[in-house]
Amino acid sequence: MAALRTVTTLQELRQAREALPAPVGFVPTMGYLHEGHISLARRARQECAGVVASIFVNPAQFGPNEDLAKYPRDLPRDLSLLEAAGVDLAWTPTPEVMYPPGFQTWVTVDGLAAPLEGAQRPGHFRGVATVVAKLFNAVAPQKAYFGQKDAQQAAVIRRMTGDLDFPIEIVVCPTVREADGLAMSSRNSYLSPDERQAATVIFRALSAAKAACDNGERDAETLRRVVSGMIEGEPLARMQYVSCADYDTLEELQTVTGKALLSMAVFVGKTRLIDNFVLG
Ligand code: PAF
């Protein structure tokens, strides 16, 4: 296995990127990597001649009362995991590299970024779209890999990539789950043992709604209620939203006729977790 090269500045990144064979696959991350991230890196390794990953906890996508300061970090471990997954180049920019003094240009996506996570986390997708556009500009990959767990993020990035004419194929990979169904997330590390157990209700609630849909239930409100009823039955969990929306537009549905996104945000203790299933 070739050694992983790690760079920090934009100049180093550009030089190292030039030397990579095409096509280049890119895996943007905020670090504290888990099997979900590694599955993206492995897929990129299978499909591309050169693989770049970035590790950057992007301050612009955190709200003022969110977990930026305590977001988990472990760079040495992340780099060894990326190396083991066969990544060629890791870019670990500092906040000053990404947002130098005087920075004042932002990327906003309107419709797709408005509901769901966008409604609960004002400014979140502006931060995501801006940093991903900057990462895309710098890395100039042919393919970029994202997880289905952040389904709305994937939709926003696909729209932004098309609207801004980035010649990049967006590849969305399946959610990776723990044995009991909990979707892998860096934020799972915040959960106490009791909360970790309680968090399994998310997967169980989504599975129950999917089973109802598979058995012919097409009323979107009934499917939302299946989810919220189960979450409300778990004392350590508090539902923030549950949505059954058109997969492409993310508009709430009355009736599930085609592909739909059943998604939710739940607080388990103080930890906010999101997850989704695709229906139809
Ligand atoms: O999904 C994430 O980890 C982040 O939102 C991303 C895409 C790396 C942008 O900071």
# chains A, B, ... in the order shown; residues from 1 in each chain; ligands from 1
$ closest_atom_pairs --of "chain A" --to "ligand 1" --cutoff "9 Å" --atoms "only C-alpha atoms and all ligand atoms" --output "Markdown table"
| residue | atom | partner | partner_atom_place_in_ligand_line | distance |
| --- | --- | --- | --- | --- |
| A:Val27 | CA | ligand 1 | 8 (C) | 7.9 |
| A:Pro28 | CA | ligand 1 | 8 (C) | 4.5 |
| A:Thr29 | CA | ligand 1 | 8 (C) | 3.7 |
| A:Met30 | CA | ligand 1 | 3 (O) | 4.6 |
| A:Gly31 | CA | ligand 1 | 3 (O) | 7.4 |
| A:His37 | CA | ligand 1 | 3 (O) | 8.6 |
| A:Ser54 | CA | ligand 1 | 8 (C) | 7.6 |
| A:Ile55 | CA | ligand 1 | 8 (C) | 7.4 |
| A:Phe56 | CA | ligand 1 | 10 (O) | 6.7 |
| A:Val57 | CA | ligand 1 | 10 (O) | 6.4 |
| A:Asn58 | CA | ligand 1 | 10 (O) | 5.2 |
| A:Pro59 | CA | ligand 1 | 10 (O) | 8.6 |
| A:Ala60 | CA | ligand 1 | 10 (O) | 8.5 |
| A:Gln61 | CA | ligand 1 | 10 (O) | 7.1 |
| A:His124 | CA | ligand 1 | 5 (O) | 8.8 |
| A:Phe125 | CA | ligand 1 | 5 (O) | 8.4 |
| A:Gly127 | CA | ligand 1 | 10 (O) | 7.6 |
| A:Val128 | CA | ligand 1 | 9 (C) | 5.0 |
| A:Ala129 | CA | ligand 1 | 9 (C) | 7.6 |
| A:Thr130 | CA | ligand 1 | 9 (C) | 8.7 |
| A:Val131 | CA | ligand 1 | 10 (O) | 6.1 |
| A:Val132 | CA | ligand 1 | 9 (C) | 5.8 |
| A:Leu135 | CA | ligand 1 | 9 (C) | 8.8 |
| A:Phe146 | CA | ligand 1 | 1 (O) | 7.1 |
| A:Gly147 | CA | ligand 1 | 1 (O) | 7.5 |
| A:Asp150 | CA | ligand 1 | 1 (O) | 6.8 |
| A:Gln153 | CA | ligand 1 | 5 (O) | 7.1 |
| A:Ala154 | CA | ligand 1 | 7 (C) | 8.4 |
| A:Ile157 | CA | ligand 1 | 7 (C) | 8.5 |
$ write_last_selection --atoms "N, CA and C atoms" --output "CSV table (one decimal), in the first residue's frame"
chain,number,residue,atom,x,y,z
A,27,VAL,N,-13.4,12.5,-1.0
A,27,VAL,CA,-14.2,12.2,0.2
A,27,VAL,C,-14.0,13.3,1.2
A,28,PRO,N,-15.0,14.3,1.2
A,28,PRO,CA,-14.9,15.4,2.2
A,28,PRO,C,-15.4,14.9,3.5
A,29,THR,N,-14.7,15.2,4.6
A,29,THR,CA,-15.2,14.8,5.9
A,29,THR,C,-14.9,15.9,7.0
A,30,MET,N,-15.5,15.7,8.1
A,30,MET,CA,-15.2,16.6,9.3
A,30,MET,C,-14.4,15.8,10.3
A,31,GLY,N,-13.8,14.6,9.9
A,31,GLY,CA,-13.0,13.9,10.8
A,31,GLY,C,-13.7,13.0,11.8
A,37,HIS,N,-17.6,6.8,6.9
A,37,HIS,CA,-16.6,7.5,6.1
A,37,HIS,C,-15.7,6.6,5.3
A,54,SER,N,-10.6,15.0,2.6
A,54,SER,CA,-10.3,16.2,3.4
A,54,SER,C,-10.9,16.0,4.8
A,55,ILE,N,-10.2,16.6,5.8
A,55,ILE,CA,-10.7,16.6,7.2
A,55,ILE,C,-10.7,18.1,7.6
A,56,PHE,N,-11.9,18.6,7.8
A,56,PHE,CA,-12.0,20.0,8.2
A,56,PHE,C,-13.4,20.1,9.0
A,57,VAL,N,-13.3,20.5,10.2
A,57,VAL,CA,-14.5,20.8,11.0
A,57,VAL,C,-14.9,22.2,10.7
A,58,ASN,N,-15.9,22.3,9.8
A,58,ASN,CA,-16.3,23.6,9.2
A,58,ASN,C,-17.1,24.5,10.1
A,59,PRO,N,-16.5,25.5,10.6
A,59,PRO,CA,-17.2,26.3,11.6
A,59,PRO,C,-18.5,26.9,11.0
A,60,ALA,N,-18.5,27.2,9.7
A,60,ALA,CA,-19.6,27.9,9.0
A,60,ALA,C,-20.9,27.1,9.0
A,61,GLN,N,-20.8,25.8,9.3
A,61,GLN,CA,-22.1,25.0,9.2
A,61,GLN,C,-22.6,24.7,10.6
A,124,HIS,N,-27.1,26.5,8.2
A,124,HIS,CA,-26.3,25.2,8.1
A,124,HIS,C,-25.9,24.9,6.6
A,125,PHE,N,-26.9,24.9,5.7
A,125,PHE,CA,-26.6,24.5,4.4
A,125,PHE,C,-25.8,25.6,3.6
A,127,GLY,N,-23.4,27.1,5.0
A,127,GLY,CA,-22.0,26.7,5.4
A,127,GLY,C,-21.5,25.5,4.7
A,128,VAL,N,-22.4,24.5,4.5
A,128,VAL,CA,-22.0,23.3,3.8
A,128,VAL,C,-21.8,23.6,2.4
A,129,ALA,N,-22.7,24.3,1.7
A,129,ALA,CA,-22.5,24.5,0.3
A,129,ALA,C,-21.3,25.3,0.0
A,130,THR,N,-21.0,26.3,0.9
A,130,THR,CA,-19.8,27.2,0.7
A,130,THR,C,-18.5,26.3,0.8
A,131,VAL,N,-18.5,25.6,1.9
A,131,VAL,CA,-17.2,24.8,2.1
A,131,VAL,C,-17.0,23.8,1.0
A,132,VAL,N,-18.1,23.1,0.6
A,132,VAL,CA,-18.0,22.0,-0.4
A,132,VAL,C,-17.6,22.7,-1.7
A,135,LEU,N,-13.9,23.3,-1.4
A,135,LEU,CA,-13.2,22.0,-1.5
A,135,LEU,C,-13.2,21.5,-2.9
A,146,PHE,N,-20.5,11.0,-0.9
A,146,PHE,CA,-21.3,11.5,0.3
A,146,PHE,C,-22.2,10.3,0.7
A,147,GLY,N,-22.6,10.4,2.0
A,147,GLY,CA,-23.4,9.3,2.6
A,147,GLY,C,-24.9,9.7,2.5
A,150,ASP,N,-27.0,11.6,5.4
A,150,ASP,CA,-27.3,13.1,5.3
A,150,ASP,C,-27.9,13.3,3.9
A,153,GLN,N,-28.4,16.9,2.7
A,153,GLN,CA,-27.1,17.4,2.3
A,153,GLN,C,-26.7,16.9,0.9
A,154,ALA,N,-26.9,15.6,0.7
A,154,ALA,CA,-26.5,15.1,-0.7
A,154,ALA,C,-27.3,15.8,-1.8
A,157,ILE,N,-26.1,19.3,-2.3
A,157,ILE,CA,-24.8,19.4,-3.0
A,157,ILE,C,-24.9,19.0,-4.4
$ residues_around --residues "Pro72 of chain A" --least-positions-apart "3" --cutoff "9 Å" --atoms "only C-alpha atoms" --output "MDAnalysis selection string"
chainID A and resid 31:32 68:69 186:187 189:190
$ write_last_selection --atoms "N, CA, C and O atoms" --output "compact mmCIF listing (two decimals), in the first residue's frame"
# COMPACT_ATOMS: atom_id res chain seq x y z
N GLY A 31 -13.82 14.63 9.88
CA GLY A 31 -12.96 13.85 10.76
C GLY A 31 -13.72 13.02 11.77
O GLY A 31 -14.92 12.84 11.67
N TYR A 32 -12.98 12.50 12.75
CA TYR A 32 -13.49 11.54 13.73
C TYR A 32 -14.19 10.41 12.97
O TYR A 32 -15.36 10.11 13.16
N LEU A 68 -19.86 22.96 17.86
CA LEU A 68 -18.56 23.16 17.21
C LEU A 68 -17.39 22.94 18.18
O LEU A 68 -16.45 22.21 17.87
N ALA A 69 -17.45 23.56 19.38
CA ALA A 69 -16.31 23.52 20.30
C ALA A 69 -16.04 22.09 20.78
O ALA A 69 -14.89 21.71 20.98
N SER A 186 -20.37 10.51 13.88
CA SER A 186 -19.35 10.94 14.85
C SER A 186 -20.03 11.37 16.14
O SER A 186 -19.45 11.28 17.22
N ARG A 187 -21.27 11.87 16.04
CA ARG A 187 -21.97 12.37 17.24
C ARG A 187 -22.47 11.24 18.14
O ARG A 187 -22.83 11.52 19.28
N SER A 189 -20.69 9.37 19.62
CA SER A 189 -19.73 9.32 20.73
C SER A 189 -20.19 10.17 21.92
O SER A 189 -19.68 10.04 23.01
N TYR A 190 -21.17 11.08 21.71
CA TYR A 190 -21.68 11.89 22.83
C TYR A 190 -22.62 11.09 23.74
O TYR A 190 -22.94 11.53 24.83
$ atom_distance --atom1 "atom CA of Pro141 of chain A" --atom2 "atom CA of Ile168 of chain A"
6.4 Å
$ closest_atom_pairs --of "segment 72-121 of chain A" --to "segment 238-258 of chain A" --cutoff "8 Å" --atoms "only C-alpha atoms" --output "tab-separated table"
residue	atom	partner	partner_atom	distance
A:Leu112	CA	A:Leu250	CA	6.6
A:Pro115	CA	A:Leu250	CA	7.4
A:Leu116	CA	A:Tyr241	CA	7.4
$ select_by_dssp --residues "segment 22-270 of chain A" --states "strand (DSSP E or B)" --output "MDAnalysis selection string"
chainID A and resid 24:29 50:55 89:91 143:147 169:173 177 183 219 237:246 252 255 260:268
$ closest_residue --among "A:Lys143, A:Arg121, A:Arg218, A:Arg204" --to "Ala265 of chain A" --atoms "only C-alpha atoms"
A:Arg121
$ select_by_dssp --residues "segment 33-110 of chain A" --states "helix (DSSP H, G or I)" --output "MDAnalysis selection string"
chainID A and resid 35:47 59:61 75:84 95:98
$ closest_residue --among "A:Ala151, A:Ala199, A:Leu10, A:Ala212" --to "Cys173 of chain A" --atoms "only C-alpha atoms"
A:Ala151
$ residues_around --residues "Arg14 of chain A" --least-positions-apart "3" --cutoff "8 Å" --atoms "only C-alpha atoms" --output "list in words"
Leu10, Gln11, Arg17, Glu18, Ala138 and Val139 of chain A
$ write_last_selection --atoms "C-alpha atoms" --output "PDB file, in the first residue's frame"
ATOM      1  CA  LEU A  10      -3.771  25.295  -0.537  1.00  0.00           C
ATOM      2  CA  GLN A  11      -0.451  25.463  -2.382  1.00  0.00           C
ATOM      3  CA  ARG A  17      -3.240  17.018  -6.544  1.00  0.00           C
ATOM      4  CA  GLU A  18      -1.414  17.694  -9.851  1.00  0.00           C
ATOM      5  CA  ALA A 138      -9.316  23.212  -4.730  1.00  0.00           C
ATOM      6  CA  VAL A 139      -9.364  19.432  -5.200  1.00  0.00           C
TER       7      VAL A 139
END
$ residues_around --residues "Leu13 of chain A" --least-positions-apart "3" --cutoff "12 Å" --atoms "only C-alpha atoms" --output "PDB file with N, CA and C atoms, in the first residue's frame"
ATOM      1  N   ARG A   5      -0.156  10.759   1.882  1.00  0.00           N
ATOM      2  CA  ARG A   5       0.497  12.061   2.009  1.00  0.00           C
ATOM      3  C   ARG A   5      -0.492  13.032   2.648  1.00  0.00           C
ATOM      4  N   THR A   6      -0.044  13.822   3.613  1.00  0.00           N
ATOM      5  CA  THR A   6      -0.933  14.775   4.289  1.00  0.00           C
ATOM      6  C   THR A   6      -0.448  16.187   4.014  1.00  0.00           C
ATOM      7  N   VAL A   7      -1.367  17.062   3.611  1.00  0.00           N
ATOM      8  CA  VAL A   7      -1.010  18.455   3.327  1.00  0.00           C
ATOM      9  C   VAL A   7      -2.010  19.383   4.019  1.00  0.00           C
ATOM     10  N   THR A   8      -1.576  20.617   4.255  1.00  0.00           N
ATOM     11  CA  THR A   8      -2.436  21.575   4.969  1.00  0.00           C
ATOM     12  C   THR A   8      -2.759  22.803   4.118  1.00  0.00           C
ATOM     13  N   THR A   9      -1.744  23.393   3.480  1.00  0.00           N
ATOM     14  CA  THR A   9      -2.002  24.640   2.747  1.00  0.00           C
ATOM     15  C   THR A   9      -2.604  24.349   1.373  1.00  0.00           C
ATOM     16  N   LEU A  10      -3.176  25.408   0.796  1.00  0.00           N
ATOM     17  CA  LEU A  10      -3.771  25.295  -0.537  1.00  0.00           C
ATOM     18  C   LEU A  10      -2.698  25.017  -1.591  1.00  0.00           C
ATOM     19  N   ALA A  16       0.235  18.570  -4.809  1.00  0.00           N
ATOM     20  CA  ALA A  16       0.061  17.125  -4.622  1.00  0.00           C
ATOM     21  C   ALA A  16      -1.058  16.613  -5.525  1.00  0.00           C
ATOM     22  N   ARG A  17      -2.096  17.403  -5.700  1.00  0.00           N
ATOM     23  CA  ARG A  17      -3.240  17.018  -6.544  1.00  0.00           C
ATOM     24  C   ARG A  17      -2.802  16.834  -7.996  1.00  0.00           C
ATOM     25  N   GLU A  18      -1.927  17.748  -8.471  1.00  0.00           N
ATOM     26  CA  GLU A  18      -1.414  17.694  -9.851  1.00  0.00           C
ATOM     27  C   GLU A  18      -0.778  16.353 -10.158  1.00  0.00           C
ATOM     28  N   ALA A  19      -0.131  15.766  -9.144  1.00  0.00           N
ATOM     29  CA  ALA A  19       0.630  14.528  -9.370  1.00  0.00           C
ATOM     30  C   ALA A  19      -0.261  13.287  -9.376  1.00  0.00           C
ATOM     31  N   LEU A  20      -1.550  13.445  -9.009  1.00  0.00           N
ATOM     32  CA  LEU A  20      -2.416  12.259  -8.924  1.00  0.00           C
ATOM     33  C   LEU A  20      -2.942  11.865 -10.295  1.00  0.00           C
ATOM     34  N   VAL A  52      -8.509  11.467  -2.828  1.00  0.00           N
ATOM     35  CA  VAL A  52      -8.229  12.556  -1.882  1.00  0.00           C
ATOM     36  C   VAL A  52      -9.328  12.563  -0.829  1.00  0.00           C
ATOM     37  N   ALA A  53      -8.959  12.752   0.430  1.00  0.00           N
ATOM     38  CA  ALA A  53      -9.956  12.979   1.487  1.00  0.00           C
ATOM     39  C   ALA A  53      -9.594  14.287   2.181  1.00  0.00           C
ATOM     40  N   SER A  54     -10.607  15.004   2.638  1.00  0.00           N
ATOM     41  CA  SER A  54     -10.321  16.204   3.442  1.00  0.00           C
ATOM     42  C   SER A  54     -10.878  15.999   4.841  1.00  0.00           C
ATOM     43  N   ASP A  88      -4.840   8.333  -1.105  1.00  0.00           N
ATOM     44  CA  ASP A  88      -3.512   8.809  -1.504  1.00  0.00           C
ATOM     45  C   ASP A  88      -3.125  10.099  -0.803  1.00  0.00           C
ATOM     46  N   LEU A  89      -4.127  10.998  -0.638  1.00  0.00           N
ATOM     47  CA  LEU A  89      -3.806  12.352  -0.184  1.00  0.00           C
ATOM     48  C   LEU A  89      -4.864  12.822   0.802  1.00  0.00           C
ATOM     49  N   ALA A  90      -4.419  13.282   1.979  1.00  0.00           N
ATOM     50  CA  ALA A  90      -5.351  13.854   2.960  1.00  0.00           C
ATOM     51  C   ALA A  90      -5.061  15.343   3.063  1.00  0.00           C
ATOM     52  N   TRP A  91      -6.118  16.120   2.934  1.00  0.00           N
ATOM     53  CA  TRP A  91      -5.992  17.583   3.078  1.00  0.00           C
ATOM     54  C   TRP A  91      -6.641  17.970   4.403  1.00  0.00           C
ATOM     55  N   THR A  92      -5.847  18.618   5.262  1.00  0.00           N
ATOM     56  CA  THR A  92      -6.348  19.002   6.583  1.00  0.00           C
ATOM     57  C   THR A  92      -6.180  20.528   6.734  1.00  0.00           C
ATOM     58  N   PRO A  93      -7.004  21.295   6.008  1.00  0.00           N
ATOM     59  CA  PRO A  93      -6.850  22.758   6.070  1.00  0.00           C
ATOM     60  C   PRO A  93      -7.236  23.297   7.446  1.00  0.00           C
ATOM     61  N   VAL A  97      -7.028  28.776   6.461  1.00  0.00           N
ATOM     62  CA  VAL A  97      -6.858  28.418   5.046  1.00  0.00           C
ATOM     63  C   VAL A  97      -8.210  28.515   4.329  1.00  0.00           C
ATOM     64  N   LEU A 135     -13.946  23.311  -1.419  1.00  0.00           N
ATOM     65  CA  LEU A 135     -13.189  22.047  -1.479  1.00  0.00           C
ATOM     66  C   LEU A 135     -13.159  21.525  -2.914  1.00  0.00           C
ATOM     67  N   ASN A 137     -13.430  23.274  -5.683  1.00  0.00           N
ATOM     68  CA  ASN A 137     -12.537  24.132  -6.473  1.00  0.00           C
ATOM     69  C   ASN A 137     -11.083  23.745  -6.274  1.00  0.00           C
ATOM     70  N   ALA A 138     -10.726  23.474  -5.036  1.00  0.00           N
ATOM     71  CA  ALA A 138      -9.316  23.212  -4.730  1.00  0.00           C
ATOM     72  C   ALA A 138      -8.899  21.815  -5.185  1.00  0.00           C
ATOM     73  N   VAL A 139      -9.754  20.823  -4.923  1.00  0.00           N
ATOM     74  CA  VAL A 139      -9.364  19.432  -5.200  1.00  0.00           C
ATOM     75  C   VAL A 139      -9.632  19.065  -6.663  1.00  0.00           C
ATOM     76  N   ALA A 140     -10.617  19.701  -7.257  1.00  0.00           N
ATOM     77  CA  ALA A 140     -10.990  19.429  -8.658  1.00  0.00           C
ATOM     78  C   ALA A 140     -11.079  17.926  -8.946  1.00  0.00           C
TER      79      ALA A 140
END
$ closest_residue --among "A:Gln120, A:Thr175, A:Ser80, A:Gln152" --to "Ser39 of chain A" --atoms "only C-alpha atoms"
A:Thr175
$ closest_residue --among "A:Thr108, A:Ala2, A:Asp67, A:Ala133" --to "Glu83 of chain A" --atoms "only C-alpha atoms"
A:Ala2
$ atom_distance --atom1 "atom CA of Ala179 of chain A" --atom2 "atom CA of Glu234 of chain A"
19.7 Å
$ decode --residues "segment 87-99 of chain A" --atoms "all heavy atoms" --output "PDB file, in the first residue's frame"
ATOM      1  N   VAL A  87      -6.340   5.687   0.752  1.00  0.00           N
ATOM      2  CA  VAL A  87      -6.412   7.088   0.293  1.00  0.00           C
ATOM      3  C   VAL A  87      -4.990   7.579  -0.016  1.00  0.00           C
ATOM      4  O   VAL A  87      -4.045   7.266   0.698  1.00  0.00           O
ATOM      5  CB  VAL A  87      -7.100   7.954   1.379  1.00  0.00           C
ATOM      6  CG1 VAL A  87      -6.996   9.429   1.066  1.00  0.00           C
ATOM      7  CG2 VAL A  87      -8.560   7.522   1.525  1.00  0.00           C
ATOM      8  N   ASP A  88      -4.840   8.333  -1.105  1.00  0.00           N
ATOM      9  CA  ASP A  88      -3.512   8.809  -1.504  1.00  0.00           C
ATOM     10  C   ASP A  88      -3.125  10.099  -0.803  1.00  0.00           C
ATOM     11  O   ASP A  88      -1.969  10.313  -0.462  1.00  0.00           O
ATOM     12  CB  ASP A  88      -3.490   9.082  -3.024  1.00  0.00           C
ATOM     13  CG  ASP A  88      -3.796   7.841  -3.819  1.00  0.00           C
ATOM     14  OD1 ASP A  88      -3.086   6.836  -3.624  1.00  0.00           O
ATOM     15  OD2 ASP A  88      -4.761   7.872  -4.620  1.00  0.00           O
ATOM     16  N   LEU A  89      -4.127  10.998  -0.638  1.00  0.00           N
ATOM     17  CA  LEU A  89      -3.806  12.352  -0.184  1.00  0.00           C
ATOM     18  C   LEU A  89      -4.864  12.822   0.802  1.00  0.00           C
ATOM     19  O   LEU A  89      -6.069  12.738   0.521  1.00  0.00           O
ATOM     20  CB  LEU A  89      -3.798  13.265  -1.427  1.00  0.00           C
ATOM     21  CG  LEU A  89      -3.532  14.746  -1.238  1.00  0.00           C
ATOM     22  CD1 LEU A  89      -2.148  14.994  -0.627  1.00  0.00           C
ATOM     23  CD2 LEU A  89      -3.622  15.455  -2.600  1.00  0.00           C
ATOM     24  N   ALA A  90      -4.419  13.282   1.979  1.00  0.00           N
ATOM     25  CA  ALA A  90      -5.351  13.854   2.960  1.00  0.00           C
ATOM     26  C   ALA A  90      -5.061  15.343   3.063  1.00  0.00           C
ATOM     27  O   ALA A  90      -3.909  15.759   3.226  1.00  0.00           O
ATOM     28  CB  ALA A  90      -5.160  13.193   4.324  1.00  0.00           C
ATOM     29  N   TRP A  91      -6.118  16.120   2.934  1.00  0.00           N
ATOM     30  CA  TRP A  91      -5.992  17.583   3.078  1.00  0.00           C
ATOM     31  C   TRP A  91      -6.641  17.970   4.403  1.00  0.00           C
ATOM     32  O   TRP A  91      -7.826  17.684   4.629  1.00  0.00           O
ATOM     33  CB  TRP A  91      -6.687  18.269   1.907  1.00  0.00           C
ATOM     34  CG  TRP A  91      -6.509  19.758   1.894  1.00  0.00           C
ATOM     35  CD1 TRP A  91      -5.466  20.474   2.427  1.00  0.00           C
ATOM     36  CD2 TRP A  91      -7.389  20.718   1.299  1.00  0.00           C
ATOM     37  NE1 TRP A  91      -5.645  21.811   2.212  1.00  0.00           N
ATOM     38  CE2 TRP A  91      -6.821  21.989   1.520  1.00  0.00           C
ATOM     39  CE3 TRP A  91      -8.599  20.621   0.602  1.00  0.00           C
ATOM     40  CZ2 TRP A  91      -7.431  23.161   1.075  1.00  0.00           C
ATOM     41  CZ3 TRP A  91      -9.202  21.785   0.155  1.00  0.00           C
ATOM     42  CH2 TRP A  91      -8.622  23.035   0.386  1.00  0.00           C
ATOM     43  N   THR A  92      -5.847  18.618   5.262  1.00  0.00           N
ATOM     44  CA  THR A  92      -6.348  19.002   6.583  1.00  0.00           C
ATOM     45  C   THR A  92      -6.180  20.528   6.734  1.00  0.00           C
ATOM     46  O   THR A  92      -5.324  20.999   7.476  1.00  0.00           O
ATOM     47  CB  THR A  92      -5.564  18.278   7.698  1.00  0.00           C
ATOM     48  OG1 THR A  92      -4.177  18.617   7.596  1.00  0.00           O
ATOM     49  CG2 THR A  92      -5.716  16.772   7.598  1.00  0.00           C
ATOM     50  N   PRO A  93      -7.004  21.295   6.008  1.00  0.00           N
ATOM     51  CA  PRO A  93      -6.850  22.758   6.070  1.00  0.00           C
ATOM     52  C   PRO A  93      -7.236  23.297   7.446  1.00  0.00           C
ATOM     53  O   PRO A  93      -8.038  22.694   8.155  1.00  0.00           O
ATOM     54  CB  PRO A  93      -7.834  23.261   5.003  1.00  0.00           C
ATOM     55  CG  PRO A  93      -8.852  22.193   4.875  1.00  0.00           C
ATOM     56  CD  PRO A  93      -8.155  20.895   5.173  1.00  0.00           C
ATOM     57  N   THR A  94      -6.660  24.426   7.816  1.00  0.00           N
ATOM     58  CA  THR A  94      -7.046  25.114   9.052  1.00  0.00           C
ATOM     59  C   THR A  94      -8.199  26.068   8.717  1.00  0.00           C
ATOM     60  O   THR A  94      -8.433  26.394   7.531  1.00  0.00           O
ATOM     61  CB  THR A  94      -5.877  25.943   9.587  1.00  0.00           C
ATOM     62  OG1 THR A  94      -5.549  26.896   8.566  1.00  0.00           O
ATOM     63  CG2 THR A  94      -4.670  25.077   9.912  1.00  0.00           C
ATOM     64  N   PRO A  95      -8.916  26.576   9.733  1.00  0.00           N
ATOM     65  CA  PRO A  95      -9.958  27.573   9.467  1.00  0.00           C
ATOM     66  C   PRO A  95      -9.405  28.789   8.708  1.00  0.00           C
ATOM     67  O   PRO A  95     -10.082  29.346   7.849  1.00  0.00           O
ATOM     68  CB  PRO A  95     -10.449  27.956  10.864  1.00  0.00           C
ATOM     69  CG  PRO A  95     -10.179  26.739  11.692  1.00  0.00           C
ATOM     70  CD  PRO A  95      -8.910  26.146  11.153  1.00  0.00           C
ATOM     71  N   GLU A  96      -8.147  29.154   8.972  1.00  0.00           N
ATOM     72  CA  GLU A  96      -7.554  30.328   8.278  1.00  0.00           C
ATOM     73  C   GLU A  96      -7.327  30.040   6.793  1.00  0.00           C
ATOM     74  O   GLU A  96      -7.390  30.936   5.958  1.00  0.00           O
ATOM     75  CB  GLU A  96      -6.215  30.724   8.935  1.00  0.00           C
ATOM     76  CG  GLU A  96      -6.339  31.235  10.362  1.00  0.00           C
ATOM     77  CD  GLU A  96      -6.686  30.138  11.375  1.00  0.00           C
ATOM     78  OE1 GLU A  96      -6.317  28.959  11.164  1.00  0.00           O
ATOM     79  OE2 GLU A  96      -7.370  30.472  12.371  1.00  0.00           O
ATOM     80  N   VAL A  97      -7.028  28.776   6.461  1.00  0.00           N
ATOM     81  CA  VAL A  97      -6.858  28.418   5.046  1.00  0.00           C
ATOM     82  C   VAL A  97      -8.210  28.515   4.329  1.00  0.00           C
ATOM     83  O   VAL A  97      -8.317  29.056   3.222  1.00  0.00           O
ATOM     84  CB  VAL A  97      -6.271  26.986   4.900  1.00  0.00           C
ATOM     85  CG1 VAL A  97      -6.392  26.479   3.468  1.00  0.00           C
ATOM     86  CG2 VAL A  97      -4.816  26.955   5.353  1.00  0.00           C
ATOM     87  N   MET A  98      -9.278  28.026   4.978  1.00  0.00           N
ATOM     88  CA  MET A  98     -10.588  28.002   4.317  1.00  0.00           C
ATOM     89  C   MET A  98     -11.281  29.358   4.358  1.00  0.00           C
ATOM     90  O   MET A  98     -11.994  29.727   3.430  1.00  0.00           O
ATOM     91  CB  MET A  98     -11.496  26.948   4.964  1.00  0.00           C
ATOM     92  CG  MET A  98     -11.031  25.519   4.767  1.00  0.00           C
ATOM     93  SD  MET A  98     -10.653  25.097   3.058  1.00  0.00           S
ATOM     94  CE  MET A  98     -12.270  24.839   2.382  1.00  0.00           C
ATOM     95  N   TYR A  99     -11.101  30.082   5.464  1.00  0.00           N
ATOM     96  CA  TYR A  99     -11.789  31.370   5.633  1.00  0.00           C
ATOM     97  C   TYR A  99     -10.773  32.434   6.029  1.00  0.00           C
ATOM     98  O   TYR A  99     -10.704  32.847   7.195  1.00  0.00           O
ATOM     99  CB  TYR A  99     -12.896  31.248   6.701  1.00  0.00           C
ATOM    100  CG  TYR A  99     -13.939  30.208   6.373  1.00  0.00           C
ATOM    101  CD1 TYR A  99     -14.009  29.019   7.091  1.00  0.00           C
ATOM    102  CD2 TYR A  99     -14.850  30.397   5.333  1.00  0.00           C
ATOM    103  CE1 TYR A  99     -14.968  28.050   6.785  1.00  0.00           C
ATOM    104  CE2 TYR A  99     -15.806  29.431   5.019  1.00  0.00           C
ATOM    105  CZ  TYR A  99     -15.854  28.269   5.749  1.00  0.00           C
ATOM    106  OH  TYR A  99     -16.798  27.312   5.441  1.00  0.00           O
TER     107      TYR A  99
END
